[in-house]
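Colleague: My structure is in query-v3.cif, and what it holds is mmCIF, C-alpha atoms:
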data_entry
loop_
_atom_site.label_atom_id
_atom_site.label_comp_id
_atom_site.auth_asym_id
_atom_site.auth_seq_id
_atom_site.Cartn_x
_atom_site.Cartn_y
_atom_site.Cartn_z
CA MET T 228 93.08 83.77 51.43
CA SER T 229 92.94 83.25 55.20
CA ARG T 230 93.03 86.23 57.52
CA LYS T 231 96.01 87.00 59.73
CA THR T 232 95.13 86.79 63.43
CA VAL T 233 96.31 89.51 65.82
CA LEU T 234 96.02 89.53 69.60
CA LEU T 235 96.07 93.13 70.84
CA GLY T 236 96.43 94.08 74.50
CA PRO T 237 98.61 94.63 77.58
CA TYR T 238 101.51 92.43 78.63
CA PRO T 239 102.86 92.36 82.20
CA PRO T 240 104.02 94.18 84.17
CA PRO T 241 101.72 95.37 85.65
CA TYR T 242 100.08 92.06 86.51
CA GLY T 243 96.38 92.62 85.93
CA GLY T 244 93.95 89.98 84.76
CA VAL T 245 94.00 91.09 81.13
CA SER T 246 97.79 91.23 80.88
CA ILE T 247 98.04 87.72 82.36
CA TYR T 248 95.42 86.63 79.81
CA ILE T 249 97.64 87.88 76.98
CA GLN T 250 100.76 86.39 78.58
CA THR T 251 99.12 82.97 78.89
CA LEU T 252 97.87 82.99 75.31
CA TYR T 253 101.31 84.02 74.10
CA GLU T 254 102.78 80.86 75.63
CA PHE T 255 100.26 78.73 73.73
CA PHE T 256 100.06 80.61 70.43
CA LYS T 257 103.56 82.07 69.93
CA ASP T 258 104.56 79.31 67.50
CA ARG T 259 101.36 79.61 65.49
CA ALA T 260 100.41 82.14 62.84
CA VAL T 261 99.46 84.82 65.37
CA GLU T 262 100.87 88.30 65.81
CA PHE T 263 100.92 89.88 69.26
CA TRP T 264 100.56 93.66 69.37
CA ILE T 265 101.32 94.42 72.98
CA PHE T 266 102.14 97.23 75.38
CA GLY T 267 103.23 97.39 79.01
CA ASP T 268 105.63 98.93 81.50
CA LYS T 269 108.56 96.82 80.29
CA GLU T 270 109.48 96.07 76.71
CA PHE T 271 108.92 92.45 75.72
CA LYS T 272 110.52 90.76 72.74
CA GLY T 273 109.60 87.44 71.18
CA PRO T 274 108.46 85.69 68.01
CA ASN T 275 105.68 87.60 66.20
CA VAL T 276 105.65 90.35 68.84
CA ARG T 277 105.13 94.01 68.00
CA PHE T 278 105.72 96.01 71.18
CA MET T 279 104.35 99.55 71.51
CA LYS T 280 106.13 101.85 73.96
CA ASP T 281 103.21 104.28 73.75
CA LYS T 282 100.04 102.33 73.05
CA ARG T 283 97.94 105.27 71.93
CA ARG T 284 100.57 106.72 69.60
CA GLY T 285 101.90 103.39 68.44
CA LEU T 286 98.69 101.53 67.63
CA LEU T 287 97.37 103.56 64.71
CA PRO T 288 100.61 103.44 62.66
CA LEU T 289 100.87 99.72 63.44
CA VAL T 290 97.36 98.93 62.26
CA LEU T 291 97.97 100.98 59.10
CA ARG T 292 101.11 98.95 58.34
CA ARG T 293 99.94 95.48 59.34
CA GLY T 294 96.19 95.49 59.95
CA ALA T 295 94.69 95.24 56.46
CA ASN T 296 92.22 92.31 56.23
CA ALA T 297 93.40 90.98 59.61
CA ARG T 298 91.34 89.41 62.36
CA ILE T 299 92.14 91.61 65.39
CA ALA T 300 91.21 90.20 68.80
CA ASP T 301 91.15 93.31 70.97
CA CYS T 302 91.85 93.12 74.72
CA THR T 303 92.53 96.84 75.19
CA HIS T 304 90.46 99.11 77.41
CA PHE T 305 90.40 102.37 75.46
CA PHE T 306 87.74 101.58 72.84
CA ILE T 307 84.93 99.94 74.84
CA GLU T 308 85.64 99.79 78.58
CA TYR T 309 87.00 103.36 78.81
CA PRO T 310 86.13 104.77 75.37
CA SER T 311 88.49 107.50 74.24
CA ILE T 312 88.85 109.92 71.35
CA LEU T 313 90.65 107.11 69.49
CA VAL T 314 87.28 105.43 68.83
CA PRO T 315 86.25 107.32 65.66
CA VAL T 316 89.74 106.95 64.18
CA TRP T 317 89.78 103.20 64.92
CA VAL T 318 86.31 102.73 63.45
CA ALA T 319 87.30 104.65 60.30
CA LEU T 320 90.42 102.50 59.90
CA LYS T 321 88.33 99.36 60.30
CA GLY T 322 86.27 100.38 57.28
CA LEU T 323 89.31 101.47 55.28
CA LEU T 324 91.48 98.43 56.02
CA ARG T 325 88.62 95.91 56.16
CA PHE T 326 89.85 94.18 59.30
CA LYS T 327 87.57 92.17 61.56
CA TRP T 328 87.31 93.55 65.08
CA ILE T 329 86.76 90.84 67.68
CA LYS T 330 86.30 92.52 71.03
CA ILE T 331 87.24 90.37 74.04
CA MET T 332 85.45 91.84 77.07
CA GLN T 333 86.68 91.00 80.59
CA ASP T 334 85.81 94.03 82.74
CA GLY T 335 83.03 93.10 85.16
CA SER T 336 82.81 96.70 86.37
CA LEU T 337 81.70 98.04 82.97
CA PRO T 338 77.91 97.61 83.43
CA SER T 339 77.92 99.64 86.65
CA ARG T 340 80.40 102.23 85.33
CA TYR T 341 78.49 102.69 82.07
CA LYS T 342 75.58 104.22 83.98
CA LYS T 343 77.92 107.02 85.11
CA PHE T 344 79.38 107.77 81.67
CA ASN T 345 78.80 111.35 80.53
CA PRO T 346 76.87 111.82 77.24
CA PHE T 347 80.04 112.17 75.15
CA ARG T 348 81.57 108.97 76.52
CA LYS T 349 78.27 107.13 76.00
CA LEU T 350 78.30 108.32 72.40
CA LEU T 351 81.84 106.99 71.90
CA PHE T 352 80.80 103.71 73.50
CA ARG T 353 77.82 103.39 71.15
CA ILE T 354 79.94 104.11 68.09
CA ALA T 355 82.50 101.51 69.19
CA SER T 356 80.05 98.79 70.23
CA GLN T 357 78.10 99.10 66.97
CA SER T 358 81.31 98.74 64.96
CA VAL T 359 82.58 95.55 66.61
CA THR T 360 82.43 92.53 64.29
CA GLU T 361 81.93 90.00 67.08
CA PHE T 362 82.13 89.91 70.87
CA ILE T 363 83.82 87.38 73.14
CA VAL T 364 82.89 87.75 76.81
CA ILE T 365 84.21 85.88 79.85
CA SER T 366 81.03 85.91 81.96
CA GLU T 367 77.31 85.37 81.66
CA GLY T 368 76.79 88.77 83.29
CA LEU T 369 78.59 90.63 80.50
CA GLU T 370 76.78 88.59 77.86
CA ASP T 371 73.39 89.38 79.40
CA TRP T 372 74.24 93.08 79.74
CA LEU T 373 75.30 93.39 76.11
CA ARG T 374 72.13 91.69 74.91
CA ARG T 375 69.55 93.24 77.24
CA GLU T 376 70.92 96.68 78.11
CA ILE T 377 73.06 97.59 75.10
CA CYS T 378 70.96 95.57 72.62
CA VAL T 379 73.90 94.62 70.40
CA GLY T 380 73.00 92.63 67.32
CA GLN T 381 76.39 91.02 66.73
CA LYS T 382 77.30 87.49 67.70
CA ILE T 383 78.41 87.08 71.33
CA SER T 384 80.49 84.06 72.38
CA LEU T 385 81.00 83.14 76.03
CA ILE T 386 84.54 81.84 76.55
CA LYS T 387 85.82 82.18 80.09
CA ASN T 388 89.37 83.36 80.71
CA LEU T 389 90.46 80.20 82.51
CA PHE T 390 93.21 78.47 80.54
CA PRO T 391 95.82 75.83 81.41
CA VAL T 392 98.93 77.22 83.08
CA PRO T 393 101.95 75.13 82.05
CA TYR T 394 104.12 76.19 85.00
CA ARG T 395 101.55 76.01 87.81
CA LEU T 396 102.71 72.61 89.08
CA ALA T 397 106.41 73.42 88.86
CA SER T 398 108.27 74.39 92.00
CA ALA T 399 109.59 77.92 91.47
CA SER T 400 112.51 79.35 93.41
CA LEU T 401 111.47 82.77 94.57
CA PRO T 402 113.86 85.70 94.09
CA GLU T 403 115.87 86.55 97.19
CA GLU T 404 114.11 89.90 97.70
CA ILE T 405 110.71 88.18 97.73
CA GLU T 406 111.94 85.52 100.15
CA ARG T 407 113.17 88.24 102.51
CA ALA T 408 109.91 90.16 102.28
CA LEU T 409 107.95 86.98 103.04
CA LEU T 410 109.82 86.14 106.26
CA PRO T 411 107.26 87.73 108.66
CA TYR T 412 104.41 86.10 106.73
CA LYS T 413 106.07 82.67 106.83
CA ARG T 414 106.55 82.95 110.61
CA SER T 415 102.83 83.55 111.18
CA GLY T 416 100.73 80.82 112.78
CA LYS T 417 98.17 81.07 109.98
CA ARG T 418 98.61 82.70 106.58
CA VAL T 419 95.94 84.44 104.49
CA CYS T 420 96.66 85.69 100.97
CA SER T 421 94.66 88.08 98.79
CA ILE T 422 95.27 89.46 95.30
CA GLY T 423 94.11 92.80 93.91
CA VAL T 424 95.01 96.48 94.00
CA PHE T 425 94.71 99.27 96.54
CA ILE T 426 91.38 100.74 95.49
CA PRO T 427 88.13 100.27 97.46
CA SER T 428 86.37 97.98 94.96
CA TYR T 429 89.04 95.28 95.44
CA GLY T 430 88.19 94.94 99.12
CA PHE T 431 91.64 94.81 100.72
CA LYS T 432 90.34 96.79 103.69
CA HIS T 433 87.48 94.33 104.25
CA VAL T 434 90.00 91.48 104.31
CA ALA T 435 92.29 93.35 106.72
CA VAL T 436 89.41 94.13 109.10
CA ALA T 437 88.23 90.50 109.03
CA VAL T 438 91.72 89.16 109.74
CA GLU T 439 92.15 91.71 112.53
CA LYS T 440 88.89 90.53 114.09
CA LEU T 441 90.02 86.88 114.00
CA ARG T 442 93.43 87.72 115.45
CA LYS T 443 91.70 89.27 118.48
CA GLU T 444 88.99 86.64 118.74
CA THR T 445 91.22 83.56 118.46
CA GLY T 446 94.54 84.86 119.81
CA THR T 447 96.22 83.39 116.73
CA ASP T 448 99.03 85.16 114.92
CA ILE T 449 97.38 85.39 111.50
CA GLY T 450 99.50 87.00 108.81
CA LEU T 451 97.95 88.69 105.78
CA LEU T 452 99.75 88.90 102.44
CA LEU T 453 98.44 91.34 99.85
CA LEU T 454 99.69 90.81 96.31
CA ASP T 455 99.35 94.19 94.63
CA GLY T 456 98.89 94.05 90.85
CA ASP T 457 99.73 97.78 90.73
CA PHE T 458 97.53 98.63 87.74
CA ALA T 459 95.52 101.08 89.84
CA ALA T 460 96.16 102.79 93.19
CA ASP T 461 94.59 105.05 95.80
CA ASP T 462 97.30 106.16 98.22
CA GLY T 463 94.83 107.26 100.87
CA TYR T 464 93.08 103.90 100.74
CA ARG T 465 96.41 102.08 100.93
CA THR T 466 97.30 104.01 104.10
CA ASP T 467 93.90 103.21 105.57
CA VAL T 468 94.42 99.49 104.95
CA LEU T 469 97.97 99.27 106.31
CA LEU T 470 98.02 101.79 109.18
CA GLY T 471 98.62 100.06 112.52
CA ARG T 472 98.64 96.58 111.00
CA ASP T 473 102.26 95.47 110.97
CA TRP T 474 101.15 91.87 110.41
CA ILE T 475 100.31 92.74 106.78
CA THR T 476 102.92 92.06 104.09
CA VAL T 477 102.62 93.70 100.67
CA LEU T 478 104.31 92.46 97.50
CA LYS T 479 103.94 94.45 94.31
CA ASN T 480 103.98 93.18 90.71
CA VAL T 481 104.85 89.57 91.49
CA ALA T 482 105.46 87.58 88.31
CA HIS T 483 102.72 85.06 87.63
CA PRO T 484 104.84 81.89 88.04
CA PHE T 485 105.89 83.06 91.52
CA VAL T 486 102.27 83.62 92.56
CA PHE T 487 101.64 79.87 92.51
CA GLU T 488 104.63 79.23 94.77
CA ILE T 489 103.41 81.91 97.20
CA LEU T 490 99.89 80.48 97.22
CA ARG T 491 101.27 77.05 98.08
CA ARG T 492 102.85 78.61 101.19
CA SER T 493 99.50 80.05 102.32
CA ASP T 494 96.59 78.52 104.25
CA VAL T 495 93.63 80.41 102.76
CA PHE T 496 93.02 82.64 99.76
CA VAL T 497 90.55 85.55 99.83
CA ARG T 498 89.24 87.33 96.75
CA GLY T 499 87.58 90.53 97.86
CA PHE T 500 86.75 92.15 94.51
CA GLY T 501 83.05 92.93 94.29
CA LEU T 502 82.86 93.21 90.49
CA ASP T 503 84.70 90.11 89.29
CA SER T 504 83.50 88.94 85.89
CA TYR T 505 85.29 85.62 86.43
CA GLY T 506 88.04 85.89 89.05
CA LEU T 507 90.94 83.83 87.72
CA SER T 508 92.95 84.01 90.96
CA ARG T 509 90.16 82.16 92.80
CA VAL T 510 90.65 79.10 90.61
CA GLU T 511 94.43 79.37 90.70
CA ALA T 512 94.25 79.18 94.51
CA ILE T 513 92.09 76.05 94.29
CA TRP T 514 94.66 74.57 91.91
CA CYS T 515 97.20 75.15 94.69
CA GLY T 516 95.04 73.21 97.16
CA LEU T 517 93.77 76.21 99.16
CA PRO T 518 90.29 76.84 100.50
CA VAL T 519 88.93 80.00 98.90
CA VAL T 520 86.79 82.69 100.50
CA ALA T 521 85.32 85.00 97.86
CA THR T 522 82.64 87.52 97.06
CA ARG T 523 79.49 86.38 95.30
CA ALA T 524 80.77 87.67 91.96
CA GLY T 525 82.33 85.73 89.11
CA GLU T 526 83.26 82.08 89.64
CA THR T 527 81.97 80.73 92.96
CA ARG T 528 81.87 76.92 92.71
CA GLY T 529 83.70 75.14 95.51
CA MET T 530 84.23 78.37 97.50
CA LEU T 531 83.08 79.92 100.78
CA LEU T 532 81.11 83.04 99.87
CA TYR T 533 80.24 86.42 101.35
CA ASP T 534 78.63 89.63 100.14
CA PHE T 535 81.06 92.35 99.16
CA GLY T 536 81.63 94.67 102.12
CA ASP T 537 80.12 92.32 104.72
CA GLU T 538 83.12 92.09 107.05
CA GLU T 539 81.25 89.99 109.64
CA GLU T 540 80.32 87.34 107.08
CA LEU T 541 83.83 87.44 105.65
CA ALA T 542 85.30 86.88 109.12
CA ARG T 543 82.97 83.90 109.73
CA GLN T 544 83.88 82.27 106.44
CA LEU T 545 87.55 82.98 106.98
CA LYS T 546 87.40 81.40 110.43
CA LYS T 547 85.75 78.33 108.95
CA ALA T 548 88.45 78.07 106.28
CA LEU T 549 91.31 78.50 108.77
CA PHE T 550 90.13 76.41 111.71
CA SER T 551 87.57 73.83 110.47
CA LEU T 552 87.81 70.80 108.23
CA PRO T 553 86.90 71.73 104.65
CA SER T 554 83.38 70.85 103.55
CA GLU T 555 84.65 70.26 100.00
CA ASP T 556 87.92 68.82 98.77
CA PRO T 557 89.76 71.44 96.67
CA ARG T 558 91.30 68.63 94.63
CA VAL T 559 87.90 67.66 93.23
CA TRP T 560 87.23 71.20 92.04
CA ALA T 561 90.81 71.52 90.81
CA GLY T 562 90.18 68.64 88.42
CA ILE T 563 86.91 70.14 87.20
CA TYR T 564 88.52 73.51 86.55
CA GLU T 565 91.49 71.90 84.81
CA LYS T 566 89.16 70.20 82.33
CA GLU T 567 87.28 73.45 81.73
CA ALA T 568 90.55 75.31 81.16
CA GLU T 569 91.52 72.94 78.35
CA GLU T 570 88.09 73.29 76.77
CA ASN T 571 88.24 77.10 76.95
CA LEU T 572 91.61 77.18 75.21
CA GLN T 573 90.40 74.91 72.42
CA ARG T 574 87.26 77.00 71.90
CA LEU T 575 89.21 80.26 71.78
CA ALA T 576 91.78 78.85 69.36
CA LYS T 577 88.98 77.72 67.06
CA LYS T 578 87.22 81.09 67.32
CA LEU T 579 90.44 82.95 66.42
CA GLY T 580 91.32 80.51 63.65
CA VAL T 581 94.68 79.47 65.09
#
Would you mind writing the file out in C-alpha cells?

Modeller:
Amino acid sequence: MSRKTVLLGPYPPPYGGVSIYIQTLYEFFKDRAVEFWIFGDKEFKGPNVRFMKDKRRGLLPLVLRRGANARIADCTHFFIEYPSILVPVWVALKGLLRFKWIKIMQDGSLPSRYKKFNPFRKLLFRIASQSVTEFIVISEGLEDWLRREICVGQKISLIKNLFPVPYRLASASLPEEIERALLPYKRSGKRVCSIGVFIPSYGFKHVAVAVEKLRKETGTDIGLLLLDGDFAADDGYRTDVLLGRDWITVLKNVAHPFVFEILRRSDVFVRGFGLDSYGLSRVEAIWCGLPVVATRAGETRGMLLYDFGDEEELARQLKKALFSLPSEDPRVWAGIYEKEAEENLQRLAKKLGV
C-alpha cells in the first residue's frame, strides 16, 4: 500500500519565501494524490486542502485524523527552525501513527541563530532533528551545517526551491490601488526594486542609503520600491529606513503574480538579505530581464555582488547596473535558471512520490 503524501506549511498571505513555495507546489500538485495542510492569514479553499485557522491548535487533531502512515513533507517553522513545546508531542505522534517526517529546510538564518538558542531550545531542536525521517534542504550551506555541525545521520537531499512559475510571462493587470501607489515610482528617472521585510537582516536600510548616495552623486531622480512581505516587522527600523526619504514607495503583501509585473516596470533589482539560503526573488528578477545586485549569500550566478552591510560597495554595483551596459545578458541566465527550475520540480515530485 502506497503512502499518502502531505505537504504541510504556510500559504500566503503573508508572502514569505516558504508560503510562496507551498503556493507554487499547490499549482503543480493540486490534481495529484497530495493533501495540503496549510495555514495563513486568509483562509484558502481548494482540492485536497485542509486549512488550519490556528496552526498550533489545529495541527495535532488533523494529524491524528489523517496522518497515519502518511508521508508528511514539513515546511513549518515550529519544530526545527524555531523549536517549540509541540516538538515532543509531534515526535510521540510520529511513533504512534507511523508517519514519515520529511523536513524541508529553507531558513538560511538557522545556523547562526542556533548558536544563540538557550539550552532548552537546543534540547528541543536535538529531539526534533533526531526524529526526522529524511531532510530536504535548498542550499549547500544548510546541507553542510546539518552534516558537520549537527552530525545528523539521516539522508539529506539538496533540492533548491526554484520551480517553474506558470504565470511569470503573462501580463498581469495590477489592482487600481497598486497602480495608484506606484505613480511616484513610475515617474522616477530610474527605478530600483527590493523585496524583503522591515528588519535589519533584510538590508532595506543599506539599499536606501545606497540609493540616496547615488541620487546626490548623479543628480538623477532614482525611485526605490520596497515590497514588504510583512511576515516580520521592526517598527523602529521601518521608521529609520523611511524617514526623510519621500522617494521611497512601500507596497505590502503584494500577490506573487503581480510581483512579476512590478519587476518588469523596474530597472534594477536589489536583494539585501544577508542570510539567504537561496534567494528566489533574485532569479525571478533575472527572469524579468533585470540586472540584479545582491549579497554574497544564496544564489549569485549572473549577479553583481556586495558584502552584506557594505553600503559603498552596494552603491558602486548599483551605479554600474543603472548607468553602464550589462556585462552579462540576463536572458542567458534566465534560460539556465528555467532549465534548473524544471529539474528541481521533477526531483521533488519523485522524492515525494507524486

Colleague: Name the residues that the PyMOL selection byres ((chain T and resi 302) around 12) picks from the file above, as a PDB file with C-alpha atoms, keeping the file's coordinate frame, using the file's chain letters and numbers.

Modeller:
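Okay, this is what ended up in result_18.pdb:
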ATOM      1  CA  VAL T 233      96.310  89.510  65.820  1.00  0.00           C
ATOM      2  CA  LEU T 234      96.020  89.530  69.600  1.00  0.00           C
ATOM      3  CA  LEU T 235      96.070  93.130  70.840  1.00  0.00           C
ATOM      4  CA  GLY T 236      96.430  94.080  74.500  1.00  0.00           C
ATOM      5  CA  PRO T 237      98.610  94.630  77.580  1.00  0.00           C
ATOM      6  CA  TYR T 238     101.510  92.430  78.630  1.00  0.00           C
ATOM      7  CA  GLY T 244      93.950  89.980  84.760  1.00  0.00           C
ATOM      8  CA  VAL T 245      94.000  91.090  81.130  1.00  0.00           C
ATOM      9  CA  SER T 246      97.790  91.230  80.880  1.00  0.00           C
ATOM     10  CA  ILE T 247      98.040  87.720  82.360  1.00  0.00           C
ATOM     11  CA  TYR T 248      95.420  86.630  79.810  1.00  0.00           C
ATOM     12  CA  ILE T 249      97.640  87.880  76.980  1.00  0.00           C
ATOM     13  CA  GLN T 250     100.760  86.390  78.580  1.00  0.00           C
ATOM     14  CA  LEU T 252      97.870  82.990  75.310  1.00  0.00           C
ATOM     15  CA  PHE T 263     100.920  89.880  69.260  1.00  0.00           C
ATOM     16  CA  TRP T 264     100.560  93.660  69.370  1.00  0.00           C
ATOM     17  CA  ILE T 265     101.320  94.420  72.980  1.00  0.00           C
ATOM     18  CA  PHE T 266     102.140  97.230  75.380  1.00  0.00           C
ATOM     19  CA  ILE T 299      92.140  91.610  65.390  1.00  0.00           C
ATOM     20  CA  ALA T 300      91.210  90.200  68.800  1.00  0.00           C
ATOM     21  CA  ASP T 301      91.150  93.310  70.970  1.00  0.00           C
ATOM     22  CA  THR T 303      92.530  96.840  75.190  1.00  0.00           C
ATOM     23  CA  HIS T 304      90.460  99.110  77.410  1.00  0.00           C
ATOM     24  CA  PHE T 305      90.400 102.370  75.460  1.00  0.00           C
ATOM     25  CA  PHE T 306      87.740 101.580  72.840  1.00  0.00           C
ATOM     26  CA  ILE T 307      84.930  99.940  74.840  1.00  0.00           C
ATOM     27  CA  GLU T 308      85.640  99.790  78.580  1.00  0.00           C
ATOM     28  CA  TRP T 328      87.310  93.550  65.080  1.00  0.00           C
ATOM     29  CA  ILE T 329      86.760  90.840  67.680  1.00  0.00           C
ATOM     30  CA  LYS T 330      86.300  92.520  71.030  1.00  0.00           C
ATOM     31  CA  ILE T 331      87.240  90.370  74.040  1.00  0.00           C
ATOM     32  CA  MET T 332      85.450  91.840  77.070  1.00  0.00           C
ATOM     33  CA  GLN T 333      86.680  91.000  80.590  1.00  0.00           C
ATOM     34  CA  ASP T 334      85.810  94.030  82.740  1.00  0.00           C
ATOM     35  CA  PHE T 362      82.130  89.910  70.870  1.00  0.00           C
ATOM     36  CA  ILE T 363      83.820  87.380  73.140  1.00  0.00           C
ATOM     37  CA  VAL T 364      82.890  87.750  76.810  1.00  0.00           C
ATOM     38  CA  ILE T 365      84.210  85.880  79.850  1.00  0.00           C
ATOM     39  CA  ASN T 388      89.370  83.360  80.710  1.00  0.00           C
TER      40      ASN T 388
END

Colleague: Please report the interatomic distance between CA of Cys515 in chain T and CA of Leu454 in chain T in Å with one decimal.

Modeller: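 Rounded to one decimal, the two atoms are 15.9 Å apart.
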
Colleague: At what distance in Å, to one decimal, does CA of Glu439 in chain T lie from CA of Arg418 in chain T?

Modeller: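 So the answer is 12.6 Å.
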
Colleague: The PyMOL selection byres ((chain T and resi 480-486) around 7) - which residues does that actually catch in the file I just gave you? List them as an NGL selection string.

Modeller: :T and (240-242 or 394-395 or 399 or 401 or 455-457 or 478-479 or 487-490)

Colleague: Got a sec: who's within 7 Å of Met530 in chain T, counting all atoms listed in the file, leaving out chain neighbours fewer than 3 positions off, as an NGL selection string?

Modeller: :T and (518-521 or 527)

Colleague: Name every residue that the PyMOL selection byres ((chain T and resi 351) around 12) selects in this structure, writing the answer as JSON, numbers by chain with chains first and numbers rising.

Modeller: {"T": [305, 306, 307, 308, 309, 310, 311, 312, 313, 314, 315, 316, 317, 318, 341, 344, 345, 346, 347, 348, 349, 350, 352, 353, 354, 355, 356, 357, 358]}

Colleague: Enter the distance from CA of Lys547 in chain T to CA of Cys420 in chain T, in Å, rounded to one decimal.

Modeller: 15.4 Å

Colleague: With distances taken over only C-alpha atoms, which residue among T:Leu337, T:Leu575, T:Val436, T:Ala568 lies nearest Pro393 in chain T?

Modeller: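 For Pro393 in chain T, the nearest of the candidates is T:Ala568.
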
Colleague: Can you tell me which residues surround Leu320 in chain T at a distance of at most 10 Å, considering all atoms listed in the file, apart from same-chain residues fewer than 5 positions away, and format the answer as a VMD selection string?

Modeller: chain T and resid 287 290 to 291 294 to 295 314 to 315 325 to 326

Colleague: Those residues with C-alpha atoms, as a PDB file, keeping the file's coordinate frame please?

Modeller:
ATOM      1  CA  LEU T 287      97.370 103.560  64.710  1.00  0.00           C
ATOM      2  CA  VAL T 290      97.360  98.930  62.260  1.00  0.00           C
ATOM      3  CA  LEU T 291      97.970 100.980  59.100  1.00  0.00           C
ATOM      4  CA  GLY T 294      96.190  95.490  59.950  1.00  0.00           C
ATOM      5  CA  ALA T 295      94.690  95.240  56.460  1.00  0.00           C
ATOM      6  CA  VAL T 314      87.280 105.430  68.830  1.00  0.00           C
ATOM      7  CA  PRO T 315      86.250 107.320  65.660  1.00  0.00           C
ATOM      8  CA  ARG T 325      88.620  95.910  56.160  1.00  0.00           C
ATOM      9  CA  PHE T 326      89.850  94.180  59.300  1.00  0.00           C
TER      10      PHE T 326
END

Colleague: Write out as a PyMOL selection string which residues come within 10 Å of Arg574 in chain T when counting only C-alpha atoms, dropping same-chain ones fewer than 6 positions away.

Modeller: chain T and resi 384-387+568+580

Colleague: Considering all atoms listed in the file, state which residue in the set T:Lys231, T:Arg340, T:Arg284, T:Lys578 is at the smallest distance from Glu361 in chain T.

Modeller: T:Lys578

Colleague: Of the candidates T:Leu541, T:Val495, T:Val261, T:Val468, which one gets nearest to Val424 in chain T if we count only C-alpha atoms?

Modeller: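 Counting only C-alpha atoms, the residue closest to Val424 in chain T is T:Val468.
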
Colleague: Contacts of Ser336 in chain T at 8 Å or less, counting all atoms listed in the file, minus same-chain residues fewer than 5 places along, as a PyMOL selection string?

Modeller: chain T and resi 502-504

Colleague: List every protein, DNA or RNA residue that has at least one atom no more than 10 Å from (88.7, 83.7, 111.0) in the file's coordinates, counting all atoms listed in the file, and write the result as a list in words.

Modeller: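 Within 10 Å of (88.7, 83.7, 111.0), the protein and nucleic acid residues are Lys417, Val419, Ala437, Val438, Glu439, Lys440, Leu441, Arg442, Lys443, Glu444, Thr445, Thr447, Ile449, Glu539, Glu540, Leu541, Ala542, Arg543, Gln544, Leu545, Lys546, Lys547, Ala548, Leu549, Phe550 and Ser551 of chain T.
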
Colleague: Since we have the selection now, will you write its residues out, keeping C-alpha atoms, as an mmCIF file, in the coordinates of the input?

Modeller:
data_model
loop_
_atom_site.group_PDB
_atom_site.id
_atom_site.type_symbol
_atom_site.label_atom_id
_atom_site.label_comp_id
_atom_site.auth_asym_id
_atom_site.auth_seq_id
_atom_site.Cartn_x
_atom_site.Cartn_y
_atom_site.Cartn_z
ATOM 1 C CA LYS T 417 98.170 81.070 109.980
ATOM 2 C CA VAL T 419 95.940 84.440 104.490
ATOM 3 C CA ALA T 437 88.230 90.500 109.030
ATOM 4 C CA VAL T 438 91.720 89.160 109.740
ATOM 5 C CA GLU T 439 92.150 91.710 112.530
ATOM 6 C CA LYS T 440 88.890 90.530 114.090
ATOM 7 C CA LEU T 441 90.020 86.880 114.000
ATOM 8 C CA ARG T 442 93.430 87.720 115.450
ATOM 9 C CA LYS T 443 91.700 89.270 118.480
ATOM 10 C CA GLU T 444 88.990 86.640 118.740
ATOM 11 C CA THR T 445 91.220 83.560 118.460
ATOM 12 C CA THR T 447 96.220 83.390 116.730
ATOM 13 C CA ILE T 449 97.380 85.390 111.500
ATOM 14 C CA GLU T 539 81.250 89.990 109.640
ATOM 15 C CA GLU T 540 80.320 87.340 107.080
ATOM 16 C CA LEU T 541 83.830 87.440 105.650
ATOM 17 C CA ALA T 542 85.300 86.880 109.120
ATOM 18 C CA ARG T 543 82.970 83.900 109.730
ATOM 19 C CA GLN T 544 83.880 82.270 106.440
ATOM 20 C CA LEU T 545 87.550 82.980 106.980
ATOM 21 C CA LYS T 546 87.400 81.400 110.430
ATOM 22 C CA LYS T 547 85.750 78.330 108.950
ATOM 23 C CA ALA T 548 88.450 78.070 106.280
ATOM 24 C CA LEU T 549 91.310 78.500 108.770
ATOM 25 C CA PHE T 550 90.130 76.410 111.710
ATOM 26 C CA SER T 551 87.570 73.830 110.470
#
